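Undergrad: Structure: run.txt, compact mmCIF, N, CA and C atoms.
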# COMPACT_ATOMS: atom_id res chain seq x y z
N MET A 1 4.85 -24.69 75.76
CA MET A 1 5.22 -25.53 74.65
C MET A 1 4.99 -24.75 73.35
N GLN A 2 5.95 -24.79 72.48
CA GLN A 2 5.83 -24.16 71.18
C GLN A 2 5.30 -25.17 70.18
N THR A 3 4.46 -24.72 69.27
CA THR A 3 3.88 -25.62 68.27
C THR A 3 4.38 -25.33 66.87
N ARG A 4 5.52 -24.65 66.75
CA ARG A 4 5.98 -24.20 65.44
C ARG A 4 6.26 -25.33 64.47
N ARG A 5 6.32 -26.56 64.92
CA ARG A 5 6.56 -27.69 64.02
C ARG A 5 5.26 -28.34 63.57
N THR A 6 4.15 -27.71 63.82
CA THR A 6 2.85 -28.25 63.44
C THR A 6 2.59 -27.94 61.98
N GLU A 7 2.57 -28.96 61.17
CA GLU A 7 2.45 -28.80 59.72
C GLU A 7 1.14 -28.11 59.32
N ALA A 8 0.04 -28.47 59.94
CA ALA A 8 -1.25 -27.87 59.57
C ALA A 8 -1.25 -26.36 59.85
N LEU A 9 -0.67 -25.95 60.94
CA LEU A 9 -0.60 -24.52 61.26
C LEU A 9 0.29 -23.79 60.27
N ASN A 10 1.40 -24.39 59.91
CA ASN A 10 2.31 -23.75 58.95
C ASN A 10 1.69 -23.64 57.57
N LYS A 11 0.83 -24.57 57.18
CA LYS A 11 0.14 -24.47 55.89
C LYS A 11 -0.85 -23.31 55.90
N LYS A 12 -1.52 -23.11 57.02
CA LYS A 12 -2.51 -22.03 57.12
C LYS A 12 -1.83 -20.67 57.17
N ALA A 13 -0.71 -20.58 57.87
CA ALA A 13 0.02 -19.32 58.01
C ALA A 13 1.51 -19.64 58.02
N SER A 14 2.14 -19.53 56.87
CA SER A 14 3.54 -19.97 56.74
C SER A 14 4.55 -18.99 57.35
N VAL A 15 4.14 -17.75 57.55
CA VAL A 15 4.99 -16.76 58.21
C VAL A 15 4.16 -16.02 59.25
N PRO A 16 4.80 -15.51 60.30
CA PRO A 16 4.03 -14.77 61.30
C PRO A 16 3.51 -13.44 60.76
N VAL A 17 2.20 -13.24 60.86
CA VAL A 17 1.58 -11.99 60.42
C VAL A 17 0.62 -11.51 61.51
N ALA A 18 0.36 -10.22 61.50
CA ALA A 18 -0.64 -9.63 62.37
C ALA A 18 -1.89 -9.44 61.53
N GLU A 19 -2.97 -10.14 61.87
CA GLU A 19 -4.22 -10.01 61.15
C GLU A 19 -5.02 -8.86 61.75
N ILE A 20 -5.58 -8.02 60.88
CA ILE A 20 -6.30 -6.85 61.32
C ILE A 20 -7.53 -6.65 60.44
N HIS A 21 -8.64 -6.30 61.04
CA HIS A 21 -9.90 -6.09 60.31
C HIS A 21 -9.78 -4.82 59.44
N PRO A 22 -10.41 -4.80 58.27
CA PRO A 22 -10.33 -3.63 57.39
C PRO A 22 -10.77 -2.32 58.07
N TRP A 23 -11.78 -2.38 58.91
CA TRP A 23 -12.25 -1.18 59.62
C TRP A 23 -11.14 -0.58 60.47
N LEU A 24 -10.47 -1.42 61.26
CA LEU A 24 -9.39 -0.93 62.12
C LEU A 24 -8.18 -0.52 61.29
N ALA A 25 -7.87 -1.29 60.26
CA ALA A 25 -6.73 -0.96 59.39
C ALA A 25 -6.90 0.43 58.78
N SER A 26 -8.12 0.74 58.34
CA SER A 26 -8.34 2.06 57.75
C SER A 26 -8.25 3.16 58.80
N ARG A 27 -8.68 2.88 60.01
CA ARG A 27 -8.61 3.89 61.08
C ARG A 27 -7.18 4.24 61.47
N ILE A 28 -6.28 3.24 61.39
CA ILE A 28 -4.89 3.51 61.78
C ILE A 28 -3.93 3.58 60.59
N GLY A 29 -4.47 3.53 59.38
CA GLY A 29 -3.68 3.74 58.18
C GLY A 29 -2.78 2.59 57.78
N LEU A 30 -3.26 1.35 57.92
CA LEU A 30 -2.47 0.18 57.54
C LEU A 30 -3.11 -0.55 56.37
N SER A 31 -2.28 -1.26 55.60
CA SER A 31 -2.78 -2.13 54.54
C SER A 31 -1.94 -3.40 54.52
N THR A 32 -2.43 -4.40 53.79
CA THR A 32 -1.74 -5.69 53.72
C THR A 32 -0.29 -5.50 53.27
N ASN A 33 0.59 -6.25 53.90
CA ASN A 33 2.04 -6.29 53.66
C ASN A 33 2.81 -5.11 54.25
N GLN A 34 2.14 -4.15 54.85
CA GLN A 34 2.87 -3.13 55.60
C GLN A 34 3.36 -3.75 56.90
N LYS A 35 4.20 -3.05 57.61
CA LYS A 35 4.71 -3.51 58.90
C LYS A 35 3.94 -2.86 60.04
N ILE A 36 3.75 -3.62 61.12
CA ILE A 36 3.16 -3.08 62.34
C ILE A 36 4.06 -3.47 63.51
N TRP A 37 4.28 -2.52 64.37
CA TRP A 37 5.10 -2.70 65.56
C TRP A 37 4.16 -2.88 66.73
N ILE A 38 4.19 -4.04 67.38
CA ILE A 38 3.31 -4.34 68.51
C ILE A 38 4.15 -4.43 69.77
N THR A 39 3.73 -3.69 70.80
CA THR A 39 4.46 -3.64 72.06
C THR A 39 3.57 -4.10 73.20
N SER A 40 4.13 -4.92 74.08
CA SER A 40 3.45 -5.33 75.30
C SER A 40 4.46 -5.21 76.45
N ARG A 41 4.06 -5.61 77.62
CA ARG A 41 4.98 -5.54 78.76
C ARG A 41 6.15 -6.51 78.60
N ARG A 42 6.06 -7.45 77.69
CA ARG A 42 7.13 -8.44 77.48
C ARG A 42 8.13 -8.03 76.40
N GLY A 43 7.80 -7.00 75.63
CA GLY A 43 8.71 -6.55 74.58
C GLY A 43 7.95 -6.06 73.37
N SER A 44 8.67 -5.85 72.28
CA SER A 44 8.08 -5.36 71.03
C SER A 44 8.46 -6.29 69.89
N LEU A 45 7.51 -6.47 68.98
CA LEU A 45 7.72 -7.31 67.81
C LEU A 45 7.20 -6.60 66.57
N VAL A 46 7.80 -6.88 65.43
CA VAL A 46 7.37 -6.31 64.16
C VAL A 46 6.80 -7.44 63.30
N PHE A 47 5.60 -7.20 62.75
CA PHE A 47 4.92 -8.18 61.92
C PHE A 47 4.50 -7.55 60.61
N ASP A 48 4.38 -8.39 59.57
CA ASP A 48 3.69 -7.98 58.35
C ASP A 48 2.20 -7.96 58.66
N VAL A 49 1.47 -7.06 58.03
CA VAL A 49 0.03 -6.93 58.24
C VAL A 49 -0.72 -7.75 57.20
N LYS A 50 -1.78 -8.41 57.65
CA LYS A 50 -2.73 -9.09 56.75
C LYS A 50 -4.11 -8.54 57.09
N VAL A 51 -4.70 -7.78 56.18
CA VAL A 51 -6.03 -7.24 56.39
C VAL A 51 -7.04 -8.32 56.03
N THR A 52 -7.95 -8.63 56.98
CA THR A 52 -8.93 -9.70 56.78
C THR A 52 -10.22 -9.41 57.53
N GLU A 53 -11.33 -9.80 56.95
CA GLU A 53 -12.62 -9.64 57.59
C GLU A 53 -12.96 -10.81 58.50
N SER A 54 -12.04 -11.75 58.66
CA SER A 54 -12.33 -12.97 59.43
C SER A 54 -12.18 -12.78 60.94
N ILE A 55 -11.85 -11.56 61.39
CA ILE A 55 -11.71 -11.31 62.82
C ILE A 55 -12.58 -10.13 63.24
N GLN A 56 -12.73 -9.96 64.53
CA GLN A 56 -13.52 -8.85 65.07
C GLN A 56 -12.93 -7.52 64.64
N HIS A 57 -13.78 -6.52 64.48
CA HIS A 57 -13.33 -5.25 63.89
C HIS A 57 -12.40 -4.43 64.79
N ARG A 58 -12.32 -4.70 66.06
CA ARG A 58 -11.40 -3.97 66.95
C ARG A 58 -10.25 -4.86 67.43
N THR A 59 -9.90 -5.84 66.64
CA THR A 59 -8.92 -6.85 67.05
C THR A 59 -7.70 -6.86 66.13
N ILE A 60 -6.54 -7.05 66.72
CA ILE A 60 -5.33 -7.41 65.98
C ILE A 60 -4.93 -8.78 66.50
N PHE A 61 -4.89 -9.77 65.62
CA PHE A 61 -4.58 -11.14 66.01
C PHE A 61 -3.19 -11.52 65.55
N VAL A 62 -2.41 -12.08 66.46
CA VAL A 62 -1.06 -12.55 66.15
C VAL A 62 -0.96 -14.01 66.58
N PRO A 63 -0.76 -14.94 65.65
CA PRO A 63 -0.57 -16.35 66.01
C PRO A 63 0.69 -16.51 66.86
N PHE A 64 0.72 -17.54 67.67
CA PHE A 64 1.85 -17.72 68.58
C PHE A 64 2.58 -19.04 68.39
N HIS A 65 2.37 -19.75 67.29
CA HIS A 65 2.98 -21.06 67.14
C HIS A 65 4.40 -21.03 66.56
N TRP A 66 4.97 -19.86 66.34
CA TRP A 66 6.36 -19.77 65.88
C TRP A 66 7.28 -19.56 67.06
N GLY A 67 8.52 -20.01 66.91
CA GLY A 67 9.54 -19.68 67.90
C GLY A 67 10.01 -18.27 67.69
N MET A 68 10.72 -17.74 68.64
CA MET A 68 11.18 -16.35 68.59
C MET A 68 12.14 -16.10 67.44
N SER A 69 12.79 -17.13 66.91
CA SER A 69 13.74 -16.92 65.82
C SER A 69 13.07 -16.44 64.53
N CYS A 70 11.76 -16.59 64.40
CA CYS A 70 11.04 -16.18 63.20
C CYS A 70 10.57 -14.73 63.26
N LEU A 71 10.75 -14.06 64.38
CA LEU A 71 10.18 -12.73 64.59
C LEU A 71 11.25 -11.66 64.67
N SER A 72 10.86 -10.46 64.30
CA SER A 72 11.74 -9.29 64.49
C SER A 72 11.44 -8.72 65.87
N MET A 73 12.33 -8.94 66.81
CA MET A 73 12.08 -8.53 68.20
C MET A 73 12.95 -7.33 68.56
N TYR A 74 12.35 -6.38 69.28
CA TYR A 74 13.08 -5.18 69.67
C TYR A 74 12.92 -4.94 71.15
Spit out the file's structure as structure tokens when you get a sec.
TA:
Amino acid sequence: MQTRRTEALNKKASVPVAEIHPWLASRIGLSTNQKIWITSRRGSLVFDVKVTESIQHRTIFVPFHWGMSCLSMY
């Protein structure tokens, strides 16, 4: 089930972004609003980066409440 119509979630994050801790961002050379290409066995997606201290330092977090039409998929 997709939750992309959830108003509270859309207020918190109105567009899909990849959240990354400043420590990891500096190690891989990323900053806020740059693009990151994330690949898994299911495919590849491109997200804007949001650097934040609110997550673990070795984590990249991507919310999943959007439908595929909101994402750049490759």
Undergrad: Can you tell me, as a PDB file with N, CA and C atoms, in the frame of the given file, what residues are no more than 8 Å from range 37-54 of chain A when counting all atoms listed in the file, ignoring any on the same chain fewer than 2 positions away?
TA:
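Saved to part-v7.pdb:
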ATOM      1  N   VAL A  15       4.140 -17.750  57.550  1.00  0.00           N
ATOM      2  CA  VAL A  15       4.990 -16.760  58.210  1.00  0.00           C
ATOM      3  C   VAL A  15       4.160 -16.020  59.250  1.00  0.00           C
ATOM      4  N   PRO A  16       4.800 -15.510  60.300  1.00  0.00           N
ATOM      5  CA  PRO A  16       4.030 -14.770  61.300  1.00  0.00           C
ATOM      6  C   PRO A  16       3.510 -13.440  60.760  1.00  0.00           C
ATOM      7  N   VAL A  17       2.200 -13.240  60.860  1.00  0.00           N
ATOM      8  CA  VAL A  17       1.580 -11.990  60.420  1.00  0.00           C
ATOM      9  C   VAL A  17       0.620 -11.510  61.510  1.00  0.00           C
ATOM     10  N   ALA A  18       0.360 -10.220  61.500  1.00  0.00           N
ATOM     11  CA  ALA A  18      -0.640  -9.630  62.370  1.00  0.00           C
ATOM     12  C   ALA A  18      -1.890  -9.440  61.530  1.00  0.00           C
ATOM     13  N   GLU A  19      -2.970 -10.140  61.870  1.00  0.00           N
ATOM     14  CA  GLU A  19      -4.220 -10.010  61.150  1.00  0.00           C
ATOM     15  C   GLU A  19      -5.020  -8.860  61.750  1.00  0.00           C
ATOM     16  N   ILE A  20      -5.580  -8.020  60.880  1.00  0.00           N
ATOM     17  CA  ILE A  20      -6.300  -6.850  61.320  1.00  0.00           C
ATOM     18  C   ILE A  20      -7.530  -6.650  60.440  1.00  0.00           C
ATOM     19  N   HIS A  21      -8.640  -6.300  61.040  1.00  0.00           N
ATOM     20  CA  HIS A  21      -9.900  -6.090  60.310  1.00  0.00           C
ATOM     21  C   HIS A  21      -9.780  -4.820  59.440  1.00  0.00           C
ATOM     22  N   PRO A  22     -10.410  -4.800  58.270  1.00  0.00           N
ATOM     23  CA  PRO A  22     -10.330  -3.630  57.390  1.00  0.00           C
ATOM     24  C   PRO A  22     -10.770  -2.320  58.070  1.00  0.00           C
ATOM     25  N   TRP A  23     -11.780  -2.380  58.910  1.00  0.00           N
ATOM     26  CA  TRP A  23     -12.250  -1.180  59.620  1.00  0.00           C
ATOM     27  C   TRP A  23     -11.140  -0.580  60.470  1.00  0.00           C
ATOM     28  N   ALA A  25      -7.870  -1.290  60.260  1.00  0.00           N
ATOM     29  CA  ALA A  25      -6.730  -0.960  59.390  1.00  0.00           C
ATOM     30  C   ALA A  25      -6.900   0.430  58.780  1.00  0.00           C
ATOM     31  N   LEU A  30      -3.260   1.350  57.920  1.00  0.00           N
ATOM     32  CA  LEU A  30      -2.470   0.180  57.540  1.00  0.00           C
ATOM     33  C   LEU A  30      -3.110  -0.550  56.370  1.00  0.00           C
ATOM     34  N   SER A  31      -2.280  -1.260  55.600  1.00  0.00           N
ATOM     35  CA  SER A  31      -2.780  -2.130  54.540  1.00  0.00           C
ATOM     36  C   SER A  31      -1.940  -3.400  54.520  1.00  0.00           C
ATOM     37  N   THR A  32      -2.430  -4.400  53.790  1.00  0.00           N
ATOM     38  CA  THR A  32      -1.740  -5.690  53.720  1.00  0.00           C
ATOM     39  C   THR A  32      -0.290  -5.500  53.270  1.00  0.00           C
ATOM     40  N   ASN A  33       0.590  -6.250  53.900  1.00  0.00           N
ATOM     41  CA  ASN A  33       2.040  -6.290  53.660  1.00  0.00           C
ATOM     42  C   ASN A  33       2.810  -5.110  54.250  1.00  0.00           C
ATOM     43  N   GLN A  34       2.140  -4.150  54.850  1.00  0.00           N
ATOM     44  CA  GLN A  34       2.870  -3.130  55.600  1.00  0.00           C
ATOM     45  C   GLN A  34       3.360  -3.750  56.900  1.00  0.00           C
ATOM     46  N   LYS A  35       4.200  -3.050  57.610  1.00  0.00           N
ATOM     47  CA  LYS A  35       4.710  -3.510  58.900  1.00  0.00           C
ATOM     48  C   LYS A  35       3.940  -2.860  60.040  1.00  0.00           C
ATOM     49  N   GLN A  56     -12.730  -9.960  64.530  1.00  0.00           N
ATOM     50  CA  GLN A  56     -13.520  -8.850  65.070  1.00  0.00           C
ATOM     51  C   GLN A  56     -12.930  -7.520  64.640  1.00  0.00           C
ATOM     52  N   HIS A  57     -13.780  -6.520  64.480  1.00  0.00           N
ATOM     53  CA  HIS A  57     -13.330  -5.250  63.890  1.00  0.00           C
ATOM     54  C   HIS A  57     -12.400  -4.430  64.790  1.00  0.00           C
ATOM     55  N   LEU A  71      10.750 -14.060  64.380  1.00  0.00           N
ATOM     56  CA  LEU A  71      10.180 -12.730  64.590  1.00  0.00           C
ATOM     57  C   LEU A  71      11.250 -11.660  64.670  1.00  0.00           C
ATOM     58  N   SER A  72      10.860 -10.460  64.300  1.00  0.00           N
ATOM     59  CA  SER A  72      11.740  -9.290  64.490  1.00  0.00           C
ATOM     60  C   SER A  72      11.440  -8.720  65.870  1.00  0.00           C
ATOM     61  N   MET A  73      12.330  -8.940  66.810  1.00  0.00           N
ATOM     62  CA  MET A  73      12.080  -8.530  68.200  1.00  0.00           C
ATOM     63  C   MET A  73      12.950  -7.330  68.560  1.00  0.00           C
ATOM     64  N   TYR A  74      12.350  -6.380  69.280  1.00  0.00           N
ATOM     65  CA  TYR A  74      13.080  -5.180  69.670  1.00  0.00           C
ATOM     66  C   TYR A  74      12.920  -4.940  71.150  1.00  0.00           C
TER      67      TYR A  74
END
Undergrad: What is the atom C of Arg58 in chain A to atom C of Ala8 in chain A distance in Å?
TA: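 Computed distance, atom C of Arg58 in chain A to atom C of Ala8 in chain A, equals 24.5 Å.
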Undergrad: So what do you get for atom C of Ile36 in chain A versus atom N of Pro63 in chain A, distance-wise?
TA: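 Atom-to-atom, atom C of Ile36 in chain A to atom N of Pro63 in chain A, that is 12.6 Å.
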Undergrad: Please return as number ranges by chain: the residues of range 8-55 of chain A that backbone DSSP assigns to strand (DSSP E).
TA: A: 17-20, 35-40, 43-51
